[in-house]
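Taking it in order: structure first as structure tokens, then the write-up.
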There are 2 protein chains.
Amino acid sequence: MFSKSCEYGLRAVLFIAQQSDKGAKVSMTTISEEINSPQAFTAKILQKLTRTDIVKAVKGPHGGFTIEPEMMDTKLSEIVTILDGDSIYKGCALGLKQCDANSPCPLHFKFIEIRDNLQEMLETTSIKSVVNDLSLESIILKR
Amino acid sequence: MFSKSCEYGLRAVLFIAQQSDKGAKVSMTTISEEINSPQAFTAKILQKLTRTDIVKAVKGPHGGFTIEPEMMDTKLSEIVTILDGDSIYKGCALGLKQCDANSPCPLHFKFIEIRDNLQEMLETTSIKSVVNDLSLESIILKR
DNA sequence: TTAATAAAGGATAAAAAGGTCTTTAAATCG
DNA sequence: CGATTTAAAGACCTTTTTATCCTTTATTAA
């Protein structure tokens, strides 16, 4: 469904958000340990998210990554779009370039429902709301 | 969503089915022209589907591919599983190996709905039913 | 101002996905 | 039978994705 980049990116964001919520900054080493992802690769992914200001990076001793309170309202759809583009929402199930209500592929009307549900879910789910669920026990970001 | 292999595979199957329905056998050259896909690559994909008996291949002059009447009831989910595996139905949105109702990732309960809808759609849609829709004008398999 | 810390960035490598080409096998027809 | 047609199979190549490593830059604290 999502690329590895997007999976790691979402996990990293949720972990950083959880820690930021507690007032803690987290280093790249901690992140990759806590979400069980390849460190250097995850660092590249976070660079994209810092350039787009979703995550804030601070260099030097006691530096690390945080997500500022106002960015906690960021929707998961934004993160997915940055990392995987919008083909998951807009692409045709059969890979046709011109597939819409006017000239639909044979799966168009069945598939569009699922795509729209996914889009709706990601567009209405904020980082903040997921972090609130994370505080409930038994929810995990590792393995 | 689906891999290129799966996209080409589904389009090829639907085209073959449509032609078989009219009593026609189709060659690899015709298929790749009509669904606008790379021929040699599509041939590889169809080999997987002939080994699993969804498609029947006949060598030699006037040979080609057909789908026999009893295979027209094959569900799209079978084709997707053969070509892309079952991770699209079973995989975790965040890529966690152990993610289920007992130890869910933070998106588990939201995501499972979408995954299940997709699975349901593919498991209840047969080749035959799509071919019937294909006979309705304006439905396309190209471009 | 220097040493330590931590992210950024570039170069490179490994693996997977996507795609091609050539040879082999099977079927048909003259 | 032999020539021809068509799919199967295997070897190979290309591109993209995933991943690592190493150097540079920024920040901090002593």
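By convention in this document, the chains of the structure tokens carry letters A, B, ... by their order, each chain's residues are numbered from 1, and ligands are numbered from 1 in the order they are shown.
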Fit chain A to chain B, all Cα atoms paired in order, least squares. Then write it as a tab-separated table (two decimals) with C-alpha atoms, in the first residue's frame.
chain	number	residue	atom	x	y	z
A	1	MET	CA	-1.76	0.29	-4.95
A	2	PHE	CA	-1.07	-2.64	-7.26
A	3	SER	CA	2.28	-3.38	-8.91
A	4	LYS	CA	2.72	-2.84	-12.64
A	5	SER	CA	2.69	-6.62	-13.06
A	6	CYS	CA	-0.68	-6.79	-11.41
A	7	GLU	CA	-2.08	-3.89	-13.44
A	8	TYR	CA	-0.95	-5.45	-16.72
A	9	GLY	CA	-2.09	-8.87	-15.55
A	10	LEU	CA	-5.58	-7.70	-14.70
A	11	ARG	CA	-5.92	-5.76	-17.95
A	12	ALA	CA	-4.68	-8.75	-19.95
A	13	VAL	CA	-7.05	-11.14	-18.22
A	14	LEU	CA	-10.01	-8.84	-18.78
A	15	PHE	CA	-9.14	-8.41	-22.45
A	16	ILE	CA	-8.66	-12.14	-22.99
A	17	ALA	CA	-11.92	-12.82	-21.16
A	18	GLN	CA	-13.79	-10.31	-23.29
A	19	GLN	CA	-12.50	-11.95	-26.46
A	20	SER	CA	-13.04	-15.50	-25.19
A	21	ASP	CA	-16.60	-14.50	-24.46
A	22	LYS	CA	-16.94	-13.79	-28.18
A	23	GLY	CA	-15.25	-17.09	-29.02
A	24	ALA	CA	-11.95	-15.53	-30.05
A	25	LYS	CA	-8.44	-16.58	-29.11
A	26	VAL	CA	-5.88	-13.75	-28.83
A	27	SER	CA	-2.15	-13.69	-29.45
A	28	MET	CA	0.42	-12.04	-27.22
A	29	THR	CA	0.96	-9.37	-29.87
A	30	THR	CA	-2.71	-8.50	-29.97
A	31	ILE	CA	-2.98	-8.43	-26.19
A	32	SER	CA	-0.10	-6.06	-25.67
A	33	GLU	CA	-1.40	-3.81	-28.42
A	34	GLU	CA	-4.92	-3.75	-27.10
A	35	ILE	CA	-4.06	-3.13	-23.47
A	36	ASN	CA	-1.05	-0.96	-24.28
A	37	SER	CA	1.56	-2.89	-22.32
A	38	PRO	CA	5.14	-4.11	-22.93
A	39	GLN	CA	4.75	-7.40	-24.77
A	40	ALA	CA	7.57	-9.55	-23.38
A	41	PHE	CA	6.89	-8.41	-19.85
A	42	THR	CA	3.19	-9.09	-20.18
A	43	ALA	CA	4.03	-12.54	-21.57
A	44	LYS	CA	5.93	-13.34	-18.36
A	45	ILE	CA	2.95	-12.29	-16.30
A	46	LEU	CA	0.58	-14.43	-18.35
A	47	GLN	CA	2.89	-17.41	-17.83
A	48	LYS	CA	2.14	-17.20	-14.12
A	49	LEU	CA	-1.55	-17.15	-14.85
A	50	THR	CA	-1.37	-20.10	-17.25
A	51	ARG	CA	0.61	-22.15	-14.72
A	52	THR	CA	-2.18	-21.49	-12.24
A	53	ASP	CA	-4.74	-22.45	-14.93
A	54	ILE	CA	-6.63	-19.18	-14.91
A	55	VAL	CA	-5.66	-18.57	-18.50
A	56	LYS	CA	-5.20	-21.25	-21.14
A	57	ALA	CA	-2.35	-20.92	-23.63
A	58	VAL	CA	-2.23	-22.69	-26.99
A	59	LYS	CA	0.98	-22.78	-29.03
A	60	GLY	CA	1.36	-22.82	-32.77
A	61	PRO	CA	-0.56	-21.29	-35.66
A	62	HIS	CA	-3.99	-20.03	-34.62
A	63	GLY	CA	-2.85	-20.42	-31.03
A	64	GLY	CA	-3.06	-17.76	-28.35
A	65	PHE	CA	-4.70	-17.21	-25.01
A	66	THR	CA	-8.22	-17.95	-23.86
A	67	ILE	CA	-10.14	-18.14	-20.62
A	68	GLU	CA	-12.45	-21.11	-20.47
A	69	PRO	CA	-16.05	-20.62	-19.40
A	70	GLU	CA	-15.58	-22.28	-16.01
A	71	MET	CA	-12.68	-19.94	-15.21
A	72	MET	CA	-14.81	-16.88	-15.84
A	73	ASP	CA	-16.01	-17.16	-12.24
A	74	THR	CA	-12.47	-16.58	-10.98
A	75	LYS	CA	-12.44	-13.68	-8.55
A	76	LEU	CA	-10.10	-10.73	-9.07
A	77	SER	CA	-8.66	-11.44	-5.62
A	78	GLU	CA	-7.16	-14.68	-6.95
A	79	ILE	CA	-5.34	-12.86	-9.71
A	80	VAL	CA	-4.10	-10.16	-7.35
A	81	THR	CA	-2.87	-12.77	-4.89
A	82	ILE	CA	-0.99	-14.66	-7.59
A	83	LEU	CA	0.71	-11.51	-8.88
A	84	ASP	CA	1.14	-9.34	-5.77
A	85	GLY	CA	0.70	-11.72	-2.85
A	86	ASP	CA	-1.61	-11.07	0.05
A	87	SER	CA	0.20	-8.22	1.80
A	88	ILE	CA	-2.30	-5.76	0.41
A	89	TYR	CA	-5.00	-7.51	2.42
A	90	LYS	CA	-2.95	-8.60	5.40
A	91	GLY	CA	-0.14	-6.07	5.71
A	92	CYS	CA	0.01	-3.33	8.34
A	93	ALA	CA	-0.29	0.26	7.10
A	94	LEU	CA	2.88	1.18	8.98
A	95	GLY	CA	4.76	-1.95	7.94
A	96	LEU	CA	4.77	-3.65	11.33
A	97	LYS	CA	5.01	-7.42	11.29
A	98	GLN	CA	2.99	-8.01	14.38
A	99	CYS	CA	0.01	-5.76	14.05
A	100	ASP	CA	-3.41	-7.11	14.91
A	101	ALA	CA	-6.31	-6.41	17.22
A	102	ASN	CA	-4.24	-7.60	20.19
A	103	SER	CA	-1.19	-5.45	19.56
A	104	PRO	CA	-2.33	-2.88	17.00
A	105	CYS	CA	-0.38	-0.10	15.38
A	106	PRO	CA	-1.96	3.33	15.89
A	107	LEU	CA	-3.70	3.19	12.53
A	108	HIS	CA	-4.82	-0.42	12.75
A	109	PHE	CA	-8.53	0.03	13.42
A	110	LYS	CA	-8.93	2.82	10.91
A	111	PHE	CA	-6.94	1.04	8.25
A	112	ILE	CA	-8.48	-2.36	8.60
A	113	GLU	CA	-11.79	-1.04	7.33
A	114	ILE	CA	-10.25	0.13	4.09
A	115	ARG	CA	-8.25	-3.06	3.62
A	116	ASP	CA	-11.35	-5.14	4.26
A	117	ASN	CA	-13.39	-3.12	1.77
A	118	LEU	CA	-10.75	-3.71	-0.86
A	119	GLN	CA	-10.58	-7.40	-0.09
A	120	GLU	CA	-14.36	-7.69	-0.13
A	121	MET	CA	-14.57	-5.91	-3.46
A	122	LEU	CA	-11.95	-8.12	-5.09
A	123	GLU	CA	-13.35	-11.31	-3.58
A	124	THR	CA	-16.85	-10.61	-4.83
A	125	THR	CA	-15.91	-9.40	-8.30
A	126	SER	CA	-15.53	-12.16	-10.88
A	127	ILE	CA	-13.91	-11.91	-14.28
A	128	LYS	CA	-17.33	-12.61	-15.79
A	129	SER	CA	-19.04	-9.72	-14.04
A	130	VAL	CA	-16.38	-7.28	-15.22
A	131	VAL	CA	-16.64	-8.55	-18.79
A	132	ASN	CA	-20.37	-7.90	-18.71
A	133	ASP	CA	-19.65	-4.29	-17.75
A	134	LEU	CA	-17.02	-4.12	-20.48
A	135	SER	CA	-19.66	-4.75	-23.10
A	136	LEU	CA	-21.28	-1.50	-22.03
A	137	GLU	CA	-19.91	1.24	-24.19
A	138	SER	CA	-17.26	3.73	-22.99
A	139	ILE	CA	-15.42	1.30	-20.74
A	140	ILE	CA	-11.75	1.07	-21.68
A	141	LEU	CA	-8.64	-1.05	-21.09
A	142	LYS	CA	-6.13	1.10	-22.93
A	143	ARG	CA	-4.11	4.18	-21.96
Contact set, chain D to chain B: 9 Å, only C-alpha atoms (C1' of nucleotides), as a PyMOL selection string: chain D and resi 4-8
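Selecting strand (DSSP E or B) from the backbone DSSP output for chain B yields Val26, Lys56, Ala57, Val58, Gly64, Phe65, Thr66, Lys75 and Ser126 of chain B.
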At most 8 Å to chain A: residues in chain C, only C-alpha atoms (C1' of nucleotides), as a list of chain:residue names: C:DA4, C:DT5, C:DA6, C:DA7, C:DA8
Go ahead and dump the residues you just picked, N, CA, C and O atoms (P, O5', C5', C4', C3', O3' and C1' of nucleotides), as a short mmCIF file (atom, residue, chain, number, x, y, z; two decimals), in the first residue's frame.
data_model
loop_
_atom_site.label_atom_id
_atom_site.label_comp_id
_atom_site.auth_asym_id
_atom_site.auth_seq_id
_atom_site.Cartn_x
_atom_site.Cartn_y
_atom_site.Cartn_z
P DA C 4 36.53 15.49 22.59
"O5'" DA C 4 34.94 15.58 22.59
"C5'" DA C 4 34.27 16.14 23.72
"C4'" DA C 4 32.81 16.32 23.37
"C3'" DA C 4 32.19 15.12 22.67
"O3'" DA C 4 30.98 14.79 23.36
"C1'" DA C 4 31.75 17.09 21.45
P DT C 5 30.12 13.54 22.96
"O5'" DT C 5 28.94 14.25 22.15
"C5'" DT C 5 28.14 15.23 22.79
"C4'" DT C 5 27.17 15.77 21.77
"C3'" DT C 5 26.39 14.69 21.01
"O3'" DT C 5 25.02 14.98 21.15
"C1'" DT C 5 27.29 16.31 19.53
P DA C 6 23.93 13.83 20.96
"O5'" DA C 6 23.32 14.23 19.55
"C5'" DA C 6 22.65 15.49 19.41
"C4'" DA C 6 22.54 15.86 17.97
"C3'" DA C 6 22.09 14.70 17.05
"O3'" DA C 6 20.92 15.07 16.36
"C1'" DA C 6 23.90 15.89 16.11
P DA C 7 20.12 14.09 15.43
"O5'" DA C 7 20.00 14.95 14.12
"C5'" DA C 7 19.39 16.23 14.20
"C4'" DA C 7 19.82 17.07 13.00
"C3'" DA C 7 19.33 16.53 11.66
"O3'" DA C 7 18.87 17.62 10.88
"C1'" DA C 7 21.68 16.71 11.63
P DA C 8 18.42 17.49 9.36
"O5'" DA C 8 19.76 17.78 8.55
"C5'" DA C 8 20.25 19.12 8.50
"C4'" DA C 8 21.17 19.28 7.30
"C3'" DA C 8 20.57 18.82 5.97
"O3'" DA C 8 20.93 19.78 4.99
"C1'" DA C 8 22.56 17.60 6.44
#
Separation of atom C1' of DT18 of chain D from atom C1' of DG19 of chain C in Å: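 Computing it gives 20.0 Å between the two atoms.
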Residues within 12 Å of DC12 of chain D, only C-alpha atoms (C1' of nucleotides), excluding chain neighbours under 2 positions, as a list in words: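 Surrounding residues, per the criterion: DG19, DT20, DC21 and DT22 of chain C; DG10 and DT14 of chain D.
Distance-wise, atom C1' of DC29 of chain C and atom C1' of DC1 of chain D end up 11.7 Å apart.
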